[in-house]
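Asks: Before I ask anything, here is the structure I am working with.
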Amino acid sequence: MIVILKQNPDKAQLDMLTKWLDDMGISVHTTVGHLQTILGLVGDTSKIDIDLIQALDIVEDVKRVQEPFKNANRKFHPDDTVVDVGGVKIGGGNFQVIAGPCSVESEEQICAVAKAVKASGATLLRGGAFKPRTSPYSFQGLREDGIRLLVEAKRETGLPIVTEIMDLSQLGLYDDVDMIQVGARNMQNFELLKELGHLRKPILLKRGLSSTLEELLMSAEYIMAGGNEQVVLCERGIRTFETYTRNTLDISAVPVLKDLSHLPVIVDPSHATGKHSLVPPTALAAVAAGADGLIIEVHNDPAHALCDGPQSLTPKNFERLMRSIDALRPYAYEREA
Ligand code: PEP
Ligand code: MN
């Protein structure tokens, strides 16, 4: 971090700042120029609140040269993290496909989809029980019953389950859930992230609708700062001026996140595009770009789905996509260590 001081800084304030930094284990290298004095701060600056320094009378400007996230940073943890979800490993060369309906609708539906996606090679089952819907009049999910039915589908197929949490008050229902999803709309629900940091359960953290990659990594940092290192990042498309697709898939997020962080990165082509016909090509692009996995919506009857039917693959189309993924995987981009 670099602190640029105003001309003729007050000595007492400068001494106070230097001592405060020193107490935090940060060493200060001072360069006195003709017009300006610059402080170079060396050490772990990730815990420094930049606004506190910026607010000082003697400070002209502050610039970070190091990322503000530490636990999620590859610089401090060069090896890929491998996240274990009920025995299924994601990251570090382990590629997994999470598949299932947007929402759990009935026992027949979730069990039929679970069996179909498993037969095609999916290793984890998704299904929403608590649904974040734009309209309060839309189907809100089966809630507790949805989780119960997911557990039933897991019992029948052996697939570990991934489902979204929307509020801390629901946490008691997630004991049998193998991976808790934090949806795009909750990416910056910091109280929720802090509480999930105290669990020892994998978290699937989706990128917010208008969030930068640094903001996504700072949200991962919230979870990891509590001691829970089992975080998987998910690029699911962001808001842009384009309206043809539901969101715009930021494919460069995959190599950028993998450069900046050791956490596994997966891609959700379903919410990124909103159209089932666009799911296979974007899924394959994600595989080629080096993603550690995919999360894909599959429904046995998309035309009658209670949520996100237009972007859901039929089991038959999912099977076809899985075979293309198998063929492409050997050619996927591998990041140089
Ligand atoms: C979902 O996965 O069902 C979902 C709601 O995704 P997102 O939070 O990315 O919109
Ligand atoms: Mn959905």
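Ligands are numbered from 1 in the order shown, chains are lettered A, B, ... in the order of the structure tokens, and residues start at 1 in each chain.
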For Ser324 in chain A, work out the shell of residues within 10 Å, counting only C-alpha atoms and skipping chain neighbours fewer than 6 positions away, then give it as a PyMOL selection string.
Replies: chain A and resi 280-281+283-284+318
Asks: Quick one: residues within 12 Å of Glu334 in chain A, only C-alpha atoms, excluding same-chain residues fewer than 2 positions away - as a count of residues only?
Replies: 19
Asks: Can you tell me which residues come within 7 Å of ligand 1 when counting only C-alpha atoms and all ligand atoms, ideally as a VMD selection string?
Replies: chain A and resid 102 128 131 to 132 182 to 185 206 236 271
Asks: Can you list every residue in range 23-159 of chain A that DSSP puts in alpha helix (DSSP H), as a VMD selection string?
Replies: chain A and resid 23 50 to 54 107 to 120 144 to 157
Asks: Skipping near chain neighbours, those fewer than 6 positions away, what residues fall within 8 Å of Leu213 in chain A using only C-alpha atoms, listed as a list in words?
Replies: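 Counting only C-alpha atoms, the residues come to Arg207, Ala253 and Leu257 of chain A.
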Asks: Give me the residues of chain A that have any atom at most 9 Å from an atom of ligand 2; for each, the nearest atom pair and the distance in Å, rounded to one decimal. Use only C-alpha atoms and all ligand atoms, sort by chain and number, and format it as CSV.
Replies:
residue,atom,partner,partner_atom_place_in_ligand_line,distance
A:Pro101,CA,ligand 2,1 (Mn),7.5
A:Cys102,CA,ligand 2,1 (Mn),4.1
A:Ser103,CA,ligand 2,1 (Mn),7.1
A:Gly127,CA,ligand 2,1 (Mn),8.7
A:Gly128,CA,ligand 2,1 (Mn),7.8
A:Lys131,CA,ligand 2,1 (Mn),8.3
A:Ser270,CA,ligand 2,1 (Mn),7.4
A:His271,CA,ligand 2,1 (Mn),6.3
A:Gly274,CA,ligand 2,1 (Mn),8.8
A:Glu297,CA,ligand 2,1 (Mn),6.9
A:Cys307,CA,ligand 2,1 (Mn),6.4
A:Asp308,CA,ligand 2,1 (Mn),5.1
A:Gly309,CA,ligand 2,1 (Mn),8.4
A:Gln311,CA,ligand 2,1 (Mn),8.0
A:Ser312,CA,ligand 2,1 (Mn),8.3
Asks: For the selection just defined, write its residues with all heavy atoms to a file, as an mmCIF file, in the first residue's frame.
Replies:
data_model
loop_
_atom_site.group_PDB
_atom_site.id
_atom_site.type_symbol
_atom_site.label_atom_id
_atom_site.label_comp_id
_atom_site.auth_asym_id
_atom_site.auth_seq_id
_atom_site.Cartn_x
_atom_site.Cartn_y
_atom_site.Cartn_z
ATOM 1 N N PRO A 101 -32.805 -29.639 -11.055
ATOM 2 C CA PRO A 101 -33.772 -28.588 -11.400
ATOM 3 C C PRO A 101 -33.491 -27.281 -10.668
ATOM 4 O O PRO A 101 -32.805 -27.278 -9.647
ATOM 5 C CB PRO A 101 -35.104 -29.190 -10.918
ATOM 6 C CG PRO A 101 -34.713 -30.103 -9.803
ATOM 7 C CD PRO A 101 -33.375 -30.668 -10.156
ATOM 8 N N CYS A 102 -34.054 -26.206 -11.224
ATOM 9 C CA CYS A 102 -33.953 -24.925 -10.520
ATOM 10 C C CYS A 102 -34.555 -25.106 -9.132
ATOM 11 O O CYS A 102 -33.918 -24.832 -8.132
ATOM 12 C CB CYS A 102 -34.700 -23.837 -11.310
ATOM 13 S SG CYS A 102 -34.644 -22.255 -10.486
ATOM 14 N N SER A 103 -35.800 -25.625 -9.096
ATOM 15 C CA SER A 103 -36.501 -25.813 -7.813
ATOM 16 C C SER A 103 -36.927 -27.260 -7.636
ATOM 17 O O SER A 103 -37.309 -27.918 -8.608
ATOM 18 C CB SER A 103 -37.794 -25.001 -7.777
ATOM 19 O OG SER A 103 -37.564 -23.697 -8.147
ATOM 20 N N GLY A 127 -30.821 -28.331 -6.455
ATOM 21 C CA GLY A 127 -32.268 -28.169 -6.411
ATOM 22 C C GLY A 127 -32.561 -27.088 -5.389
ATOM 23 O O GLY A 127 -32.046 -27.129 -4.271
ATOM 24 N N GLY A 128 -33.364 -26.106 -5.787
ATOM 25 C CA GLY A 128 -33.669 -25.002 -4.877
ATOM 26 C C GLY A 128 -34.855 -25.344 -3.998
ATOM 27 O O GLY A 128 -35.887 -25.832 -4.478
ATOM 28 N N LYS A 131 -36.339 -20.237 -2.751
ATOM 29 C CA LYS A 131 -36.051 -19.604 -4.039
ATOM 30 C C LYS A 131 -36.104 -18.073 -3.968
ATOM 31 O O LYS A 131 -37.113 -17.509 -3.541
ATOM 32 C CB LYS A 131 -37.081 -20.050 -5.089
ATOM 33 C CG LYS A 131 -36.999 -21.504 -5.491
ATOM 34 C CD LYS A 131 -35.635 -21.934 -5.982
ATOM 35 C CE LYS A 131 -35.080 -21.133 -7.133
ATOM 36 N NZ LYS A 131 -33.699 -21.519 -7.477
ATOM 37 N N SER A 270 -26.581 -21.795 -17.148
ATOM 38 C CA SER A 270 -28.049 -21.716 -17.176
ATOM 39 C C SER A 270 -28.518 -20.312 -16.820
ATOM 40 O O SER A 270 -29.263 -19.679 -17.572
ATOM 41 C CB SER A 270 -28.653 -22.737 -16.206
ATOM 42 O OG SER A 270 -28.110 -24.015 -16.430
ATOM 43 N N HIS A 271 -28.080 -19.805 -15.646
ATOM 44 C CA HIS A 271 -28.489 -18.451 -15.245
ATOM 45 C C HIS A 271 -27.760 -17.394 -16.067
ATOM 46 O O HIS A 271 -28.252 -16.275 -16.215
ATOM 47 C CB HIS A 271 -28.281 -18.253 -13.742
ATOM 48 C CG HIS A 271 -29.216 -19.094 -12.937
ATOM 49 N ND1 HIS A 271 -28.898 -20.356 -12.538
ATOM 50 C CD2 HIS A 271 -30.490 -18.878 -12.528
ATOM 51 C CE1 HIS A 271 -29.935 -20.880 -11.894
ATOM 52 N NE2 HIS A 271 -30.917 -20.011 -11.875
ATOM 53 N N GLY A 274 -29.995 -17.935 -19.687
ATOM 54 C CA GLY A 274 -31.460 -17.933 -19.585
ATOM 55 C C GLY A 274 -32.157 -18.708 -20.698
ATOM 56 O O GLY A 274 -33.386 -18.742 -20.729
ATOM 57 N N GLU A 297 -28.905 -26.423 -14.899
ATOM 58 C CA GLU A 297 -30.296 -26.752 -14.576
ATOM 59 C C GLU A 297 -30.854 -27.768 -15.567
ATOM 60 O O GLU A 297 -30.782 -27.578 -16.789
ATOM 61 C CB GLU A 297 -31.142 -25.474 -14.533
ATOM 62 C CG GLU A 297 -30.809 -24.666 -13.286
ATOM 63 C CD GLU A 297 -31.681 -23.462 -13.034
ATOM 64 O OE1 GLU A 297 -32.394 -23.012 -13.953
ATOM 65 O OE2 GLU A 297 -31.639 -22.960 -11.908
ATOM 66 N N CYS A 307 -40.103 -23.031 -12.176
ATOM 67 C CA CYS A 307 -39.098 -21.970 -12.145
ATOM 68 C C CYS A 307 -38.032 -22.255 -13.204
ATOM 69 O O CYS A 307 -37.537 -23.385 -13.292
ATOM 70 C CB CYS A 307 -38.461 -21.950 -10.745
ATOM 71 S SG CYS A 307 -37.291 -20.646 -10.483
ATOM 72 N N ASP A 308 -37.694 -21.276 -14.006
ATOM 73 C CA ASP A 308 -36.574 -21.342 -14.956
ATOM 74 C C ASP A 308 -36.663 -22.484 -15.989
ATOM 75 O O ASP A 308 -35.619 -22.998 -16.429
ATOM 76 C CB ASP A 308 -35.233 -21.429 -14.198
ATOM 77 C CG ASP A 308 -34.860 -20.080 -13.568
ATOM 78 O OD1 ASP A 308 -35.518 -19.066 -13.901
ATOM 79 O OD2 ASP A 308 -33.913 -20.045 -12.766
ATOM 80 N N GLY A 309 -37.881 -22.806 -16.404
ATOM 81 C CA GLY A 309 -38.052 -23.813 -17.462
ATOM 82 C C GLY A 309 -37.293 -23.469 -18.745
ATOM 83 O O GLY A 309 -36.627 -24.335 -19.322
ATOM 84 N N GLN A 311 -34.569 -22.147 -19.414
ATOM 85 C CA GLN A 311 -33.123 -22.369 -19.422
ATOM 86 C C GLN A 311 -32.747 -23.796 -19.008
ATOM 87 O O GLN A 311 -31.562 -24.126 -18.916
ATOM 88 C CB GLN A 311 -32.421 -21.354 -18.516
ATOM 89 C CG GLN A 311 -32.703 -21.539 -17.026
ATOM 90 C CD GLN A 311 -32.258 -20.357 -16.203
ATOM 91 O OE1 GLN A 311 -32.295 -19.218 -16.645
ATOM 92 N NE2 GLN A 311 -31.778 -20.612 -14.983
ATOM 93 N N SER A 312 -33.769 -24.622 -18.766
ATOM 94 C CA SER A 312 -33.478 -25.977 -18.277
ATOM 95 C C SER A 312 -33.284 -26.941 -19.432
ATOM 96 O O SER A 312 -34.067 -26.947 -20.391
ATOM 97 C CB SER A 312 -34.629 -26.464 -17.387
ATOM 98 O OG SER A 312 -34.758 -25.600 -16.279
#
Asks: Which of range 47-288 of chain A end up as strand (DSSP E) when DSSP is run on this backbone - answer as a ChimeraX atom specification?
Replies: /A:59-63,83-85,88-90,96-100,124-126,161-165,179-182,203-206,231-235,265-267
Asks: Pick from A:Ser219, A:Thr243, A:Ser210, A:Asn317: nearest to Lys70 in chain A, with only C-alpha atoms counted?
Replies: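 Closest to Lys70 in chain A of all the choices is A:Ser219.
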Asks: What lies within 10 Å of Pro310 in chain A using only C-alpha atoms, ignoring chain neighbours under 5 positions off, as an mmCIF file with all heavy atoms, in the first residue's frame?
Replies:
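Contents of result_5.cif, freshly written:
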data_model
loop_
_atom_site.group_PDB
_atom_site.id
_atom_site.type_symbol
_atom_site.label_atom_id
_atom_site.label_comp_id
_atom_site.auth_asym_id
_atom_site.auth_seq_id
_atom_site.Cartn_x
_atom_site.Cartn_y
_atom_site.Cartn_z
ATOM 1 N N SER A 270 -26.581 -21.795 -17.148
ATOM 2 C CA SER A 270 -28.049 -21.716 -17.176
ATOM 3 C C SER A 270 -28.518 -20.312 -16.820
ATOM 4 O O SER A 270 -29.263 -19.679 -17.572
ATOM 5 C CB SER A 270 -28.653 -22.737 -16.206
ATOM 6 O OG SER A 270 -28.110 -24.015 -16.430
ATOM 7 N N GLY A 274 -29.995 -17.935 -19.687
ATOM 8 C CA GLY A 274 -31.460 -17.933 -19.585
ATOM 9 C C GLY A 274 -32.157 -18.708 -20.698
ATOM 10 O O GLY A 274 -33.386 -18.742 -20.729
ATOM 11 N N LYS A 275 -31.392 -19.314 -21.614
ATOM 12 C CA LYS A 275 -32.007 -20.036 -22.740
ATOM 13 C C LYS A 275 -31.330 -21.399 -22.873
ATOM 14 O O LYS A 275 -30.092 -21.466 -22.995
ATOM 15 C CB LYS A 275 -31.776 -19.256 -24.046
ATOM 16 C CG LYS A 275 -32.546 -17.940 -24.145
ATOM 17 C CD LYS A 275 -32.320 -17.324 -25.525
ATOM 18 C CE LYS A 275 -33.300 -16.220 -25.844
ATOM 19 N NZ LYS A 275 -32.949 -14.916 -25.299
ATOM 20 N N HIS A 276 -32.139 -22.451 -22.935
ATOM 21 C CA HIS A 276 -31.542 -23.797 -22.940
ATOM 22 C C HIS A 276 -30.638 -24.011 -24.152
ATOM 23 O O HIS A 276 -29.621 -24.698 -24.065
ATOM 24 C CB HIS A 276 -32.624 -24.880 -22.838
ATOM 25 C CG HIS A 276 -33.477 -24.998 -24.047
ATOM 26 N ND1 HIS A 276 -33.150 -25.809 -25.096
ATOM 27 C CD2 HIS A 276 -34.642 -24.383 -24.382
ATOM 28 C CE1 HIS A 276 -34.081 -25.695 -26.030
ATOM 29 N NE2 HIS A 276 -34.993 -24.833 -25.620
ATOM 30 N N SER A 277 -30.981 -23.367 -25.286
ATOM 31 C CA SER A 277 -30.173 -23.592 -26.497
ATOM 32 C C SER A 277 -28.769 -22.995 -26.351
ATOM 33 O O SER A 277 -27.849 -23.393 -27.067
ATOM 34 C CB SER A 277 -30.857 -22.982 -27.723
ATOM 35 O OG SER A 277 -30.998 -21.584 -27.521
ATOM 36 N N PRO A 302 -39.369 -29.395 -18.834
ATOM 37 C CA PRO A 302 -39.083 -27.949 -18.755
ATOM 38 C C PRO A 302 -40.295 -27.064 -19.053
ATOM 39 O O PRO A 302 -40.448 -26.003 -18.446
ATOM 40 C CB PRO A 302 -37.983 -27.737 -19.805
ATOM 41 C CG PRO A 302 -37.331 -29.054 -19.955
ATOM 42 C CD PRO A 302 -38.410 -30.078 -19.725
ATOM 43 N N ALA A 303 -41.167 -27.525 -19.946
ATOM 44 C CA ALA A 303 -42.312 -26.691 -20.323
ATOM 45 C C ALA A 303 -43.233 -26.419 -19.134
ATOM 46 O O ALA A 303 -43.942 -25.413 -19.100
ATOM 47 C CB ALA A 303 -43.091 -27.366 -21.444
ATOM 48 N N HIS A 304 -43.229 -27.326 -18.157
ATOM 49 C CA HIS A 304 -44.113 -27.149 -16.998
ATOM 50 C C HIS A 304 -43.333 -26.865 -15.710
ATOM 51 O O HIS A 304 -43.901 -26.970 -14.610
ATOM 52 C CB HIS A 304 -45.008 -28.391 -16.825
ATOM 53 C CG HIS A 304 -45.951 -28.573 -17.970
ATOM 54 N ND1 HIS A 304 -45.722 -29.473 -18.990
ATOM 55 C CD2 HIS A 304 -47.090 -27.911 -18.292
ATOM 56 C CE1 HIS A 304 -46.688 -29.376 -19.879
ATOM 57 N NE2 HIS A 304 -47.531 -28.434 -19.491
ATOM 58 N N ALA A 305 -42.062 -26.502 -15.841
ATOM 59 C CA ALA A 305 -41.254 -26.228 -14.639
ATOM 60 C C ALA A 305 -41.836 -25.028 -13.889
ATOM 61 O O ALA A 305 -42.319 -24.074 -14.509
ATOM 62 C CB ALA A 305 -39.807 -25.947 -15.037
#
Asks: Could you check how far CA of Leu233 in chain A sits from CA of Pro68 in chain A, in Å to one decimal?
Replies: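 Interatomic distance here is 17.2 Å.
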Asks: Taking 3 positions as the minimum chain separation for residues in the same chain, which residues sit within 9 Å of Gly208 in chain A when counting only C-alpha atoms? Answer as a list in words.
Replies: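 So the residues in contact are Gly183, Ala184, Arg185, Asn186, Met187, Gln188, Ser211, Thr212, Glu215, Leu216, Glu235, Arg236, Gly237 and Ile238 of chain A.
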Asks: If you keep C-alpha atoms, can you produce a file of those selected residues as a PDB file, in the first residue's frame?
Replies:
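The new file part.pdb reads:
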ATOM      1  CA  GLY A 183     -26.953 -17.056  -4.420  1.00  0.00           C
ATOM      2  CA  ALA A 184     -26.055 -14.014  -6.489  1.00  0.00           C
ATOM      3  CA  ARG A 185     -28.499 -11.846  -4.555  1.00  0.00           C
ATOM      4  CA  ASN A 186     -26.880 -12.721  -1.239  1.00  0.00           C
ATOM      5  CA  MET A 187     -23.231 -12.477  -2.269  1.00  0.00           C
ATOM      6  CA  GLN A 188     -22.834  -9.405  -0.093  1.00  0.00           C
ATOM      7  CA  SER A 211     -20.260  -7.504  -8.636  1.00  0.00           C
ATOM      8  CA  THR A 212     -16.641  -7.195  -9.607  1.00  0.00           C
ATOM      9  CA  GLU A 215     -15.920  -8.053  -4.593  1.00  0.00           C
ATOM     10  CA  LEU A 216     -16.583 -11.769  -5.136  1.00  0.00           C
ATOM     11  CA  GLU A 235     -19.424 -17.234 -12.338  1.00  0.00           C
ATOM     12  CA  ARG A 236     -23.130 -17.045 -13.273  1.00  0.00           C
ATOM     13  CA  GLY A 237     -23.273 -14.077 -15.613  1.00  0.00           C
ATOM     14  CA  ILE A 238     -23.458 -10.392 -14.835  1.00  0.00           C
TER      15      ILE A 238
END
Asks: Quick one: everything within 12 Å of Glu108 in chain A, counting only C-alpha atoms, minus sequence neighbours fewer than 3 positions away in the same chain. Send it as a list in words.
Replies: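 Close residues of Glu108 in chain A: Val104, Glu105, Cys111, Ala112, Val113, Ala114, Lys115, Leu149, Leu150, Glu152, Ala153, Glu156, His299, Asn300 and Asp301 of chain A.
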Asks: Rounded to one decimal in Å, what is the spacing between CA of Ser120 in chain A and CA of Ile161 in chain A?
Replies: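 Those two atoms sit 16.5 Å apart.
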Asks: Could you check which of A:Val97, A:Leu159, A:Leu168, A:Leu199 is closest to Ala225 in chain A, using only C-alpha atoms?
Replies: A:Leu199
Asks: Which of these, A:Gln96, A:Gln36, A:Thr45, A:Gln170, has the shortest distance to Arg143 in chain A once you count only C-alpha atoms?
Replies: A:Gln170
